[in-house]
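Peer 1: This is the structure, below, for whatever I ask next.
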Amino acid sequence: MPVVTADLKACQGYANCVMAAPDYFDLDDDGNVVMIKREFPESERSRVTEAARSCPVSALTVSE
Amino acid sequence: MTDQSGVLNDVRQGMIPAHIYNDKELFDLEKERLFSRSWLFVAHESEVPQAGDYVVRHVLEDSFIISRDEKGEVRALFNMCLHRGMQVCRAEMGNASHFRCPYHGWSYRNDGRLIGLPFHEEAFGGEEGFKKKGQTLLPAPSLGVYNGLIFISLDPNAEPLEDFLGDFKFYLDYYTKQSAGGIELRGPQRWRIKANWKIGAENFAGDMYHTPQTHASVVEIGLFREPKAEKRKDGTTYWAGNGGGTTYKLPEGSLEDRLRYVGYPDDMIERMKGQWSQAQLDVIGQDGFMISAASLFPNMSFVHNWPRVEEDSDDVHPFISIRQWQPISENETEVLSWFAVDKNATDEYKELSYKAYLMCFGSGGMFEQDDVENWVSLTNTAAGSMARRLLLNGRMGLLEDGGNVVEPLTNEQYSGPGSTRVGYSEYNQRELLTRWADHLERPIEAAAQLKVGMTAVRKTSKSGSASSCVAAEAPIDEAAETVLLGA
């Protein structure tokens with residue numbers, strides 16, 4: 001199953017991923033990304049990939 | 001600033017300088033001294049039922065996000081990013097866990113807390129340069145809730161909402177608490193009219209006198225059996241607390257007969273009997289009066305009518321509408337009009353009631369068209385130099401020596417609170433304009449300013465039956481509170 005991972009050092013708390021896929025991403029009180037789910041089914045690929053691509057500092061990576 | 005004391009004194013005598021309905025200087029004073037401190041309706045809790053639901057509403061130019069946070073608490077957050085002042089929410093309604101500023105990407109939780117601040121360390125030097133912890137979107141200075149109606153005030157020292165409402169609560173319950181379930185809203189429809197905001201508020205507060213003339217055509221086509229001149233003058237006007245309204249006289253009969261007469265089905269009547277106080281029931285069942293239009297100072301109004309809806313039936317169907325006269329300028333008003341209905345009513349009732357509302361009020365309603373034609377024309381005429389020579393007589397019901405044409409009903413004659421009279425009068429319009437004059441006369445007090453990133457934001461003080469009290473949570477920099485506005 002494909003997986004999305006976050007680079008916590010890169011995250012700047014823009015919250016673009018939260019806007020795009022709130023069921024996968026959240027922010028903690030310090031403004032760091034929190035992964036709600038890592039694995040996603042094929043049917044969710046375009047939505048999760050779009051959320052990852054929307055990160056201005058490229059903190060999110062989709063891998064197989 | 002022009003001395004307005006002459007205008008205010010005239011208004012208190014019931015003599016209305018015609019230009020108050022289109023006067024830039026007075027509008028500026030209304031902004032500074034009335035809308036900056038009065039309680040103002042912004043939304044109903046049923047518009048934001050779930051965590052994350054929000055609507056965006058305005059108090060003049062100030063945009064507020066009315067949101068329900070993840071803990072279920074209703075918030076009113078000034079819709080301006082703490083960084084460069086951009087609107088953080090640009091939709092009119094929706095559901096969101098966060099609001100993210102489109103300008104530089106600062107993000108806030110739906111309770112207003114600043115969460116995401118890109119490059120906080122690199123750009124600001126972290127907490128030492130910008131105190132991110134404890135920062136929130138600026139809350140409305142005061143927030144209160146009654147029967148699910150959410151009000152805010154820009155005055156942090158506003159009296160508690162329930163004190164402000166006072167005895168008007170008795171009448172508010174007829175519109176907004178017909179059962180334990182309360183009301184649910186549809187809308188608002190929102191449109192602009194080229195008329196001064198005070199005219200609608202005054203009309204709904206007590207103008208039974210216009211009904212037989214302005215709305216004659218509605219009676220002629222058989223839509224509505226009530227507004228005939230002879231019937232309307234048998235009703236009452238009442239003023240209680242900071243609001244007042246009008247009633248129709250009902251035919252003889254029991255409480256149940258009279259509620260059925262205006263179209264309520266038996267299941268709703270049973271719930272009303274379980275919900276309302278004996279005095280509230282007696283106004284209908286014993287005294288024989290049914291609430292119609294009303295206004296709460298300064299710019300919220302209500303209407304309850306019972307027109308025929310279906311062509312082939314003589315049945316009438318009651319509806320309730322809540323509305324706000326949102327001032328845009330001295331000669332323009334944005335009308336927000338909601339349909340309100342008892343949450344526990346049947347779907348069939350809700351559907352017919354909604355039809356009744358749309359026929360009568362809302363942007364395409366027949367009563368609405370009749371009224372606005374008058375109000376736009378009046379506003380236009382009030383702009384000129386001749387209007388400044390005219391003191392309109394708003395003293396209906398008063399004799400020249402100050403005596404009353406009709407005395408108020410006694411406690412034996414009438415079960416409700418406030419001052420109530422049968423027949424045409426302008427007591428309620430005078431009550432509204434007297435409060436207007438009281439605000440315009442009184443300079444505003446010093447308001448606190450917040451230095452963003454340097455101090456913590458004070459939390460909104462809360463009042464109202466549905467909310468607990470929240471005291472100031474974080475210390476405020478005293479020096480930041482010394483700047484005077486409008487002094």
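Starting from 1 in every chain, residues are counted up; chains themselves are A, B, ... following the order of the structure tokens, and ligands are numbered from 1 as listed.
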Contacts of stretch 33-46 of chain A at 8 Å or less, counting only C-alpha atoms, minus same-chain residues fewer than 5 places along, as an MDAnalysis selection string?
Peer 2: chainID A and resid 1:6 8 11 13 15 23:28
Peer 1: Kindly provide, as a PDB file with C-alpha atoms, in the first residue's frame, the residues of chain A having any atom no farther than 7 Å from an atom of chain B, counting only C-alpha atoms.
Peer 2:
```
ATOM      1  CA  GLN A  12       6.825  25.006   8.853  1.00  0.00           C
ATOM      2  CA  GLY A  13       3.175  24.699   9.798  1.00  0.00           C
ATOM      3  CA  TYR A  14       1.656  26.074   6.595  1.00  0.00           C
ATOM      4  CA  ALA A  15      -1.270  23.661   7.046  1.00  0.00           C
ATOM      5  CA  ASP A  29      -0.011  23.014  19.110  1.00  0.00           C
ATOM      6  CA  ASP A  30       3.540  23.855  18.059  1.00  0.00           C
ATOM      7  CA  GLY A  31       2.533  23.993  14.411  1.00  0.00           C
TER       8      GLY A  31
END
```
Peer 1: Which polymer residues have any atom within 10 Å of an atom of B:His44, counting only C-alpha atoms, with same-chain residues fewer than 5 positions away left out, as a VMD selection string?
Peer 2: chain B and resid 49 55 66 145 to 151 183 to 185 338 340
Peer 1: Kindly export the residues of the current selection with C-alpha atoms, as a CSV table (one decimal), in the first residue's frame.
Peer 2:
```
chain,number,residue,atom,x,y,z
B,49,PRO,CA,-24.4,22.7,14.7
B,55,VAL,CA,-20.4,31.3,9.2
B,66,ILE,CA,-18.7,32.6,14.1
B,145,VAL,CA,-26.3,33.4,23.8
B,146,TYR,CA,-30.1,33.3,24.4
B,147,ASN,CA,-32.3,30.5,23.0
B,148,GLY,CA,-29.4,29.8,20.6
B,149,LEU,CA,-29.3,33.3,19.3
B,150,ILE,CA,-25.7,34.4,19.3
B,151,PHE,CA,-25.0,38.1,20.0
B,183,ILE,CA,-35.6,26.7,16.4
B,184,GLU,CA,-33.6,25.8,13.3
B,185,LEU,CA,-32.9,28.4,10.6
B,338,TRP,CA,-33.7,34.0,8.0
B,340,ALA,CA,-37.0,30.1,11.5
```
Peer 1: Please report, as number ranges by chain, each residue of chain A to which DSSP assigns alpha helix (DSSP H) when run on this structure's backbone.
Peer 2: A: 16-20, 45-53
